[in-house]
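Undergrad: Dropping in final03.tsv, with TSV, C-alpha atoms.
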```tsv
chain	number	residue	atom	x	y	z
X	9	MET	CA	68.25	180.32	-157.82
X	10	SER	CA	66.50	179.59	-154.56
X	11	ARG	CA	67.83	180.49	-151.13
X	12	HIS	CA	68.21	176.82	-150.23
X	13	THR	CA	70.37	176.21	-153.30
X	14	LYS	CA	72.57	179.21	-152.48
X	15	ASP	CA	73.03	177.96	-148.92
X	16	SER	CA	73.97	174.51	-150.19
X	17	ILE	CA	76.54	175.92	-152.63
X	18	LEU	CA	78.06	178.14	-149.93
X	19	LYS	CA	78.21	175.24	-147.50
X	20	GLY	CA	79.91	173.12	-150.16
X	21	VAL	CA	82.52	175.84	-150.78
X	22	ILE	CA	83.21	176.11	-147.03
X	23	TYR	CA	83.63	172.34	-146.71
X	24	LEU	CA	85.90	172.28	-149.75
X	25	CYS	CA	88.15	175.03	-148.35
X	26	ALA	CA	88.35	173.24	-145.01
X	27	PHE	CA	89.20	169.96	-146.74
X	28	LEU	CA	91.93	171.61	-148.82
X	29	CYS	CA	93.52	173.16	-145.73
X	30	VAL	CA	93.54	169.83	-143.90
X	31	ALA	CA	94.78	168.00	-147.00
X	32	VAL	CA	97.70	170.38	-147.48
X	33	LEU	CA	98.61	170.04	-143.80
X	34	PHE	CA	98.60	166.24	-143.91
X	35	TRP	CA	100.50	166.25	-147.22
X	36	LEU	CA	103.29	168.44	-145.82
X	37	ILE	CA	103.55	166.50	-142.56
X	38	GLY	CA	103.34	163.15	-144.33
X	39	TYR	CA	105.99	164.04	-146.90
X	40	VAL	CA	108.51	165.16	-144.29
X	41	VAL	CA	107.79	162.40	-141.78
X	42	ILE	CA	107.84	159.60	-144.37
X	43	SER	CA	111.14	160.91	-145.73
X	44	GLY	CA	112.65	161.39	-142.28
X	45	LEU	CA	111.53	158.35	-140.27
X	46	PRO	CA	113.89	155.88	-142.00
X	47	HIS	CA	116.86	158.02	-140.89
X	48	LEU	CA	115.58	158.61	-137.35
X	49	SER	CA	117.03	156.55	-134.52
X	50	PHE	CA	117.86	156.77	-130.83
X	51	ASP	CA	121.55	157.31	-131.64
X	52	PHE	CA	120.54	160.21	-133.87
X	53	LEU	CA	118.96	161.91	-130.85
X	54	ILE	CA	121.74	161.35	-128.30
X	55	LYS	CA	124.97	161.64	-130.32
X	56	ASP	CA	126.97	164.78	-131.11
X	57	TYR	CA	127.00	166.19	-134.61
X	58	HIS	CA	130.18	166.02	-136.70
X	59	PRO	CA	130.96	168.18	-139.74
X	60	ASP	CA	131.42	165.05	-141.87
X	61	ASN	CA	127.63	164.54	-141.73
X	62	THR	CA	127.77	161.83	-139.09
X	63	GLY	CA	126.47	161.70	-135.53
X	64	GLY	CA	123.24	163.14	-134.27
X	65	ILE	CA	121.46	166.27	-133.08
X	66	PHE	CA	121.98	166.14	-129.30
X	67	PRO	CA	123.78	169.56	-129.13
X	68	MET	CA	120.94	171.13	-131.13
X	69	VAL	CA	118.34	169.64	-128.79
X	70	VAL	CA	120.18	171.04	-125.74
X	71	THR	CA	120.56	174.45	-127.40
X	72	THR	CA	116.84	174.51	-128.22
X	73	LEU	CA	115.95	173.63	-124.62
X	74	TYR	CA	118.27	176.33	-123.29
X	75	LEU	CA	116.67	178.86	-125.64
X	76	ILE	CA	113.12	177.87	-124.69
X	77	GLY	CA	113.77	177.99	-120.96
X	78	THR	CA	115.63	181.30	-121.00
X	79	SER	CA	113.16	183.07	-123.29
X	80	LEU	CA	110.19	181.91	-121.19
X	81	LEU	CA	111.88	183.11	-118.00
X	82	ILE	CA	112.13	186.55	-119.59
X	83	ALA	CA	108.84	186.80	-121.46
X	84	THR	CA	106.36	184.96	-119.22
X	85	PRO	CA	106.40	187.25	-116.14
X	86	LEU	CA	106.61	190.36	-118.32
X	87	GLY	CA	103.73	189.26	-120.54
X	88	ILE	CA	101.47	188.11	-117.70
X	89	CYS	CA	102.06	191.28	-115.66
X	90	SER	CA	101.38	193.41	-118.74
X	91	ALA	CA	98.10	191.57	-119.36
X	92	ILE	CA	97.09	191.98	-115.71
X	93	TYR	CA	97.78	195.71	-115.88
X	94	LEU	CA	95.80	196.14	-119.10
X	95	THR	CA	92.75	194.21	-117.85
X	96	GLU	CA	92.63	194.96	-114.12
X	97	TYR	CA	94.33	198.29	-113.43
X	98	ALA	CA	94.64	200.42	-116.56
X	99	LYS	CA	92.01	203.01	-117.37
X	100	GLN	CA	91.06	203.20	-121.01
X	101	GLY	CA	92.99	206.08	-122.49
X	102	ARG	CA	95.98	207.10	-124.56
X	103	LEU	CA	98.50	205.00	-122.59
X	104	VAL	CA	96.48	201.80	-122.98
X	105	SER	CA	95.98	202.54	-126.67
X	106	ILE	CA	99.74	202.97	-127.12
X	107	ILE	CA	100.46	199.70	-125.30
X	108	ARG	CA	97.91	197.78	-127.37
X	109	PHE	CA	99.22	199.33	-130.58
X	110	ALA	CA	102.78	198.35	-129.64
X	111	THR	CA	101.66	194.80	-128.86
X	112	GLU	CA	99.84	194.42	-132.17
X	113	SER	CA	102.78	195.92	-134.04
X	114	LEU	CA	105.21	193.46	-132.44
X	115	SER	CA	103.13	190.54	-133.68
X	116	GLY	CA	103.29	191.81	-137.27
X	117	ILE	CA	107.03	192.47	-137.60
X	118	PRO	CA	108.88	189.94	-139.82
X	119	SER	CA	111.10	187.59	-137.85
X	120	ILE	CA	114.21	188.53	-139.83
X	121	ILE	CA	113.85	192.08	-138.48
X	122	TYR	CA	113.90	190.67	-134.95
X	123	GLY	CA	117.04	188.73	-135.82
X	124	LEU	CA	118.76	191.82	-137.20
X	125	PHE	CA	117.74	193.84	-134.14
X	126	GLY	CA	118.99	191.11	-131.81
X	127	MET	CA	122.35	190.94	-133.57
X	128	LEU	CA	122.85	194.72	-133.58
X	129	PHE	CA	121.54	195.44	-130.07
X	130	PHE	CA	122.13	192.38	-127.89
X	131	VAL	CA	125.16	190.92	-129.66
X	132	THR	CA	126.99	194.12	-130.64
X	133	THR	CA	125.77	196.99	-128.45
X	134	LEU	CA	125.34	195.05	-125.19
X	135	LYS	CA	128.35	192.87	-126.08
X	136	MET	CA	126.64	189.57	-125.34
X	137	GLY	CA	128.30	188.01	-128.35
X	138	PHE	CA	126.67	185.27	-130.37
X	139	SER	CA	124.97	183.48	-127.51
X	140	ILE	CA	121.83	181.70	-126.42
X	141	MET	CA	121.10	184.60	-124.07
X	142	ALA	CA	121.12	187.08	-126.97
X	143	GLY	CA	118.77	184.82	-128.91
X	144	ALA	CA	116.49	184.34	-125.90
X	145	ALA	CA	116.25	188.10	-125.36
X	146	THR	CA	115.35	188.49	-129.04
X	147	VAL	CA	112.78	185.69	-129.11
X	148	SER	CA	111.20	186.85	-125.84
X	149	ILE	CA	110.20	190.08	-127.59
X	150	MET	CA	108.61	188.04	-130.36
X	151	ILE	CA	106.45	185.89	-128.08
X	152	LEU	CA	105.28	188.77	-125.87
X	153	PRO	CA	102.21	189.52	-128.06
X	154	THR	CA	101.07	185.88	-127.83
X	155	ILE	CA	101.40	185.77	-124.06
X	156	ILE	CA	99.84	189.20	-123.50
X	157	ARG	CA	96.84	188.77	-125.79
X	158	THR	CA	96.04	185.21	-124.73
X	159	THR	CA	96.40	186.04	-121.03
X	160	GLU	CA	94.21	189.12	-121.49
X	161	GLU	CA	91.42	187.05	-123.01
X	162	ALA	CA	91.76	184.44	-120.27
X	163	ILE	CA	91.44	187.08	-117.53
X	164	LYS	CA	88.50	188.76	-119.26
X	165	ALA	CA	86.73	185.39	-119.42
X	166	VAL	CA	86.68	185.11	-115.61
X	167	PRO	CA	83.11	185.93	-114.49
X	168	VAL	CA	82.67	189.31	-112.82
X	169	GLY	CA	80.79	187.58	-110.00
X	170	TYR	CA	84.01	185.92	-108.86
X	171	ARG	CA	85.62	189.31	-108.32
X	172	GLU	CA	82.53	190.81	-106.69
X	173	GLY	CA	82.13	187.86	-104.34
X	174	SER	CA	85.76	188.04	-103.23
X	175	LEU	CA	85.64	191.79	-102.70
X	176	ALA	CA	82.34	191.48	-100.81
X	177	LEU	CA	84.03	189.09	-98.36
X	178	GLY	CA	86.61	191.75	-97.57
X	179	ALA	CA	89.50	190.66	-99.79
X	180	THR	CA	91.68	193.36	-101.31
X	181	LYS	CA	91.95	193.80	-105.07
X	182	LEU	CA	95.43	192.27	-105.11
X	183	ARG	CA	94.34	189.26	-103.03
X	184	THR	CA	91.31	188.79	-105.28
X	185	LEU	CA	93.60	188.88	-108.28
X	186	VAL	CA	96.07	186.37	-106.84
X	187	ARG	CA	93.60	183.96	-105.19
X	188	VAL	CA	90.59	184.15	-107.52
X	189	VAL	CA	91.24	185.68	-110.94
X	190	ILE	CA	94.64	184.16	-111.79
X	191	PRO	CA	93.70	180.58	-110.77
X	192	SER	CA	90.51	180.84	-112.82
X	193	ALA	CA	92.46	182.16	-115.83
X	194	LEU	CA	95.27	179.61	-115.44
X	195	PRO	CA	94.19	177.36	-118.36
X	196	GLY	CA	94.46	180.28	-120.78
X	197	ILE	CA	97.79	181.41	-119.31
X	198	VAL	CA	99.26	177.92	-119.65
X	199	THR	CA	97.98	177.79	-123.22
X	200	ALA	CA	99.76	181.06	-123.97
X	201	VAL	CA	103.05	179.73	-122.59
X	202	LEU	CA	102.83	176.44	-124.49
X	203	LEU	CA	101.97	178.23	-127.74
X	204	SER	CA	105.01	180.42	-127.18
X	205	VAL	CA	107.17	177.31	-126.84
X	206	GLY	CA	105.97	176.17	-130.26
X	207	ARG	CA	106.82	179.58	-131.70
X	208	VAL	CA	110.35	179.46	-130.27
X	209	ILE	CA	110.99	175.95	-131.59
X	210	GLY	CA	109.89	176.86	-135.11
X	211	GLU	CA	111.80	180.14	-135.45
X	212	THR	CA	114.89	180.34	-137.64
X	213	ALA	CA	115.54	183.86	-138.91
X	214	ALA	CA	115.23	185.50	-135.49
X	215	ILE	CA	117.62	182.95	-133.95
X	216	TYR	CA	120.14	182.51	-136.74
X	217	LEU	CA	121.68	185.99	-136.36
X	218	PRO	CA	121.96	186.50	-132.56
X	219	VAL	CA	122.69	182.89	-131.52
X	220	GLY	CA	125.04	181.79	-134.29
X	221	THR	CA	125.55	178.39	-135.86
X	222	HIS	CA	128.07	176.68	-133.57
X	223	TYR	CA	127.33	172.96	-133.74
X	224	LYS	CA	128.96	171.82	-130.48
X	225	LEU	CA	127.28	171.29	-127.13
X	226	PRO	CA	126.75	174.64	-125.32
X	227	THR	CA	128.24	174.98	-121.84
X	228	SER	CA	126.00	177.84	-120.69
X	229	VAL	CA	123.46	180.36	-121.95
X	230	MET	CA	126.34	182.65	-122.90
X	231	SER	CA	127.63	180.09	-125.40
X	232	SER	CA	126.86	180.14	-129.08
X	233	GLY	CA	124.80	177.29	-130.44
X	234	ARG	CA	122.59	175.93	-133.15
X	235	THR	CA	118.91	175.16	-132.59
X	236	LEU	CA	117.03	172.41	-134.37
X	237	SER	CA	115.38	174.79	-136.83
X	238	VAL	CA	118.68	176.51	-137.67
X	239	HIS	CA	120.37	173.13	-138.06
X	240	LEU	CA	117.63	172.04	-140.45
X	241	TYR	CA	118.01	175.26	-142.42
X	242	ILE	CA	121.78	174.84	-142.76
X	243	LEU	CA	121.53	171.18	-143.79
X	244	ALA	CA	118.92	171.95	-146.45
X	245	LYS	CA	120.41	175.24	-147.71
X	246	GLU	CA	123.91	173.93	-148.21
X	247	GLY	CA	122.78	170.52	-149.42
X	248	ILE	CA	124.95	168.87	-146.76
X	249	SER	CA	122.68	165.94	-145.99
X	250	PHE	CA	119.04	165.83	-146.99
X	251	GLU	CA	118.63	162.61	-145.01
X	252	MET	CA	119.66	164.36	-141.79
X	253	ALA	CA	117.56	167.38	-142.79
X	254	PHE	CA	114.42	165.26	-143.16
X	255	ALA	CA	115.17	163.46	-139.89
X	256	THR	CA	115.62	166.79	-138.08
X	257	GLY	CA	112.42	168.09	-139.66
X	258	THR	CA	110.60	165.01	-138.43
X	259	VAL	CA	111.81	165.67	-134.88
X	260	LEU	CA	110.62	169.28	-135.14
X	261	ILE	CA	107.20	168.33	-136.47
X	262	LEU	CA	106.66	165.63	-133.85
X	263	THR	CA	107.78	168.02	-131.10
X	264	ILE	CA	105.35	170.73	-132.21
X	265	LEU	CA	102.53	168.19	-132.52
X	266	VAL	CA	103.23	166.97	-128.99
X	267	ILE	CA	103.25	170.55	-127.69
X	268	ASN	CA	99.90	171.27	-129.37
X	269	PHE	CA	98.46	168.07	-127.93
X	270	LEU	CA	99.74	168.95	-124.46
X	271	THR	CA	98.26	172.43	-124.83
X	272	ARG	CA	94.81	170.98	-125.44
X	273	LEU	CA	95.23	168.39	-122.68
X	274	VAL	CA	96.49	170.83	-120.04
X	275	GLU	CA	93.81	173.37	-120.89
X	276	LYS	CA	91.12	170.69	-120.60
X	277	LYS	CA	92.47	169.32	-117.31
X	278	LEU	CA	92.81	172.75	-115.73
X	279	SER	CA	89.37	173.80	-116.92
X	280	VAL	CA	87.78	170.68	-115.44
X	281	GLY	CA	89.80	170.97	-112.23
X	282	GLY	CA	88.83	174.60	-111.76
X	283	ARG	CA	85.10	173.89	-111.86
```
Please go through the file and, once you have read it, give me the structure as structure tokens.

TA:
Amino acid sequence: MSRHTKDSILKGVIYLCAFLCVAVLFWLIGYVVISGLPHLSFDFLIKDYHPDNTGGIFPMVVTTLYLIGTSLLIATPLGICSAIYLTEYAKQGRLVSIIRFATESLSGIPSIIYGLFGMLFFVTTLKMGFSIMAGAATVSIMILPTIIRTTEEAIKAVPVGYREGSLALGATKLRTLVRVVIPSALPGIVTAVLLSVGRVIGETAAIYLPVGTHYKLPTSVMSSGRTLSVHLYILAKEGISFEMAFATGTVLILTILVINFLTRLVEKKLSVGGR
């Protein structure tokens, strides 16, 4: 068999694998969306949910927004500052190795373990109760690896000449970091935050245990609640209403697609604006 034939076969296998991945993705999205769109309406989005399988998902939307906002307030500054330390200040050694190992380990832990930890530590030990705050504290630990690693790569991608030029003009290291490095790395940082939002929206196991399953509208972050993903899980698991489950799944899929689209758009706009 000639080298050209081998290359053609390998290229065909690669194209086939790519096609299968895309086909499975479109099949899953299409199946859920086609099943859910007939049951999706404006009233479904703005009305409260009732245990008799009527109403909508407005309390779940509010709970999800509370969870996203609170978890980002916790994880974003911590993750960005950690990435800045690792790339700009830390000397390569045992401490940096431990931090990187911890970050990589956090990204590989199953989400149900996070949920169990959140329930035992935040809910029970710290006496937060089943609340959005307990869930946000749990989820913020989960999204730290995404924020740290993505921000690290964004900062490393900033040309060294930017730093050298700023320092040569008499700027301090901190001022160079704030005025030159961070603005240049902003597209990557924003991407990390938006990807974290998608992770929070799609989580179920890590939220189910510390937040609870209360279906009414939360009054504060210390209230229990039910996110969209948990609501979908309960509807499907208990066979309460597959129509509402498909409609909720459609909302989740469309939300994640919008977030991914915004991620690409914001990254492109910031990259063009920074040039």

Undergrad: Can you build me a table of range 136-192 of chain X residues sitting at most 10 Å from range 84-106 of chain X, with the closest atom pair per residue and its distance in Å to one decimal, using all atoms listed in the file, sorted by chain and residue number, as JSON lines?

TA:
```
{"residue": "X:Ser148", "atom": "CA", "partner": "X:Thr84", "partner_atom": "CA", "distance": 8.4}
{"residue": "X:Ile149", "atom": "CA", "partner": "X:Gly87", "partner_atom": "CA", "distance": 9.6}
{"residue": "X:Ile151", "atom": "CA", "partner": "X:Gly87", "partner_atom": "CA", "distance": 8.7}
{"residue": "X:Leu152", "atom": "CA", "partner": "X:Gly87", "partner_atom": "CA", "distance": 5.6}
{"residue": "X:Pro153", "atom": "CA", "partner": "X:Gly87", "partner_atom": "CA", "distance": 7.7}
{"residue": "X:Thr154", "atom": "CA", "partner": "X:Gly87", "partner_atom": "CA", "distance": 8.5}
{"residue": "X:Ile155", "atom": "CA", "partner": "X:Gly87", "partner_atom": "CA", "distance": 5.5}
{"residue": "X:Ile156", "atom": "CA", "partner": "X:Gly87", "partner_atom": "CA", "distance": 4.9}
{"residue": "X:Arg157", "atom": "CA", "partner": "X:Ala91", "partner_atom": "CA", "distance": 7.1}
{"residue": "X:Thr158", "atom": "CA", "partner": "X:Ala91", "partner_atom": "CA", "distance": 8.6}
{"residue": "X:Thr159", "atom": "CA", "partner": "X:Ala91", "partner_atom": "CA", "distance": 6.0}
{"residue": "X:Glu160", "atom": "CA", "partner": "X:Ala91", "partner_atom": "CA", "distance": 5.1}
{"residue": "X:Glu161", "atom": "CA", "partner": "X:Ala91", "partner_atom": "CA", "distance": 8.9}
{"residue": "X:Ala162", "atom": "CA", "partner": "X:Ala91", "partner_atom": "CA", "distance": 9.6}
{"residue": "X:Ile163", "atom": "CA", "partner": "X:Thr95", "partner_atom": "CA", "distance": 7.3}
{"residue": "X:Lys164", "atom": "CA", "partner": "X:Thr95", "partner_atom": "CA", "distance": 7.1}
{"residue": "X:Lys181", "atom": "CA", "partner": "X:Glu96", "partner_atom": "CA", "distance": 9.1}
{"residue": "X:Leu182", "atom": "CA", "partner": "X:Glu96", "partner_atom": "CA", "distance": 9.8}
{"residue": "X:Leu185", "atom": "CA", "partner": "X:Glu96", "partner_atom": "CA", "distance": 8.5}
{"residue": "X:Val189", "atom": "CA", "partner": "X:Ile92", "partner_atom": "CA", "distance": 9.8}
{"residue": "X:Ile190", "atom": "CA", "partner": "X:Ile92", "partner_atom": "CA", "distance": 9.1}
```

Undergrad: Work out how far apart CA of Leu225 in chain X and CA of Thr72 in chain X are and give it in Å to one decimal.

TA: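 Between these atoms lies a distance of 11.0 Å.
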
Undergrad: Need to verify the contact set: Pro191 in chain X, 10 Å, only C-alpha atoms, exclusion of same-chain residues closer than 3 positions in sequence. Can you return it as a PDB file with C-alpha atoms, in the frame of the given file?

TA:
```
ATOM      1  CA  ILE X 163      91.440 187.080-117.530  1.00  0.00           C
ATOM      2  CA  VAL X 166      86.680 185.110-115.610  1.00  0.00           C
ATOM      3  CA  LEU X 185      93.600 188.880-108.280  1.00  0.00           C
ATOM      4  CA  VAL X 186      96.070 186.370-106.840  1.00  0.00           C
ATOM      5  CA  ARG X 187      93.600 183.960-105.190  1.00  0.00           C
ATOM      6  CA  VAL X 188      90.590 184.150-107.520  1.00  0.00           C
ATOM      7  CA  LEU X 194      95.270 179.610-115.440  1.00  0.00           C
ATOM      8  CA  PRO X 195      94.190 177.360-118.360  1.00  0.00           C
ATOM      9  CA  ILE X 197      97.790 181.410-119.310  1.00  0.00           C
ATOM     10  CA  LEU X 278      92.810 172.750-115.730  1.00  0.00           C
ATOM     11  CA  GLY X 282      88.830 174.600-111.760  1.00  0.00           C
TER      12      GLY X 282
END
```

Undergrad: Could you pull the residues within 10 Å of Gly123 in chain X, counting only C-alpha atoms, minus those fewer than 6 positions along the same chain, as a VMD selection string?

TA: chain X and resid 129 142 to 143 146 to 147 212 to 219

Undergrad: Store the residues picked out above, limited to C-alpha atoms, as a compact mmCIF listing (two decimals), in the coordinates of the input.

TA:
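Contents of the output file result_38.txt:
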```
# COMPACT_ATOMS: atom_id res chain seq x y z
CA PHE X 129 121.54 195.44 -130.07
CA ALA X 142 121.12 187.08 -126.97
CA GLY X 143 118.77 184.82 -128.91
CA THR X 146 115.35 188.49 -129.04
CA VAL X 147 112.78 185.69 -129.11
CA THR X 212 114.89 180.34 -137.64
CA ALA X 213 115.54 183.86 -138.91
CA ALA X 214 115.23 185.50 -135.49
CA ILE X 215 117.62 182.95 -133.95
CA TYR X 216 120.14 182.51 -136.74
CA LEU X 217 121.68 185.99 -136.36
CA PRO X 218 121.96 186.50 -132.56
CA VAL X 219 122.69 182.89 -131.52
```

Undergrad: Please determine, counting all atoms listed in the file, which residue among X:Leu45, X:Leu236, X:Ala253, X:Leu270 has the shortest atom-to-atom distance to Val69 in chain X.

TA: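 Of the candidates, the smallest distance to Val69 in chain X is held by X:Leu236.
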
Undergrad: Give me the residues within 8 Å of Ser249 in chain X as a list in words, counting only C-alpha atoms and dropping any in the same chain fewer than 5 places off.

TA: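 My list of contacting residues is Asn61, Leu243 and Ala244 of chain X.
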
Undergrad: Considering only C-alpha atoms, return as a PyMOL selection string whatever protein or nucleic-acid residues lie within 8 Å of Thr271 in chain X, sequence-local ones (same chain, fewer than 5 positions apart) excluded.

TA: chain X and resi 198-199+202-203

Undergrad: Using CA of Ala144 in chain X and CA of Ser119 in chain X as the two end points, give the distance in Å to one decimal.

TA: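 Atom-to-atom, CA of Ala144 in chain X to CA of Ser119 in chain X, that is 13.5 Å.
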
Undergrad: Interatomic distance between CA of Thr256 in chain X and CA of Leu240 in chain X?

TA: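 So the two atoms, CA of Thr256 in chain X and CA of Leu240 in chain X, lie 6.1 Å apart.
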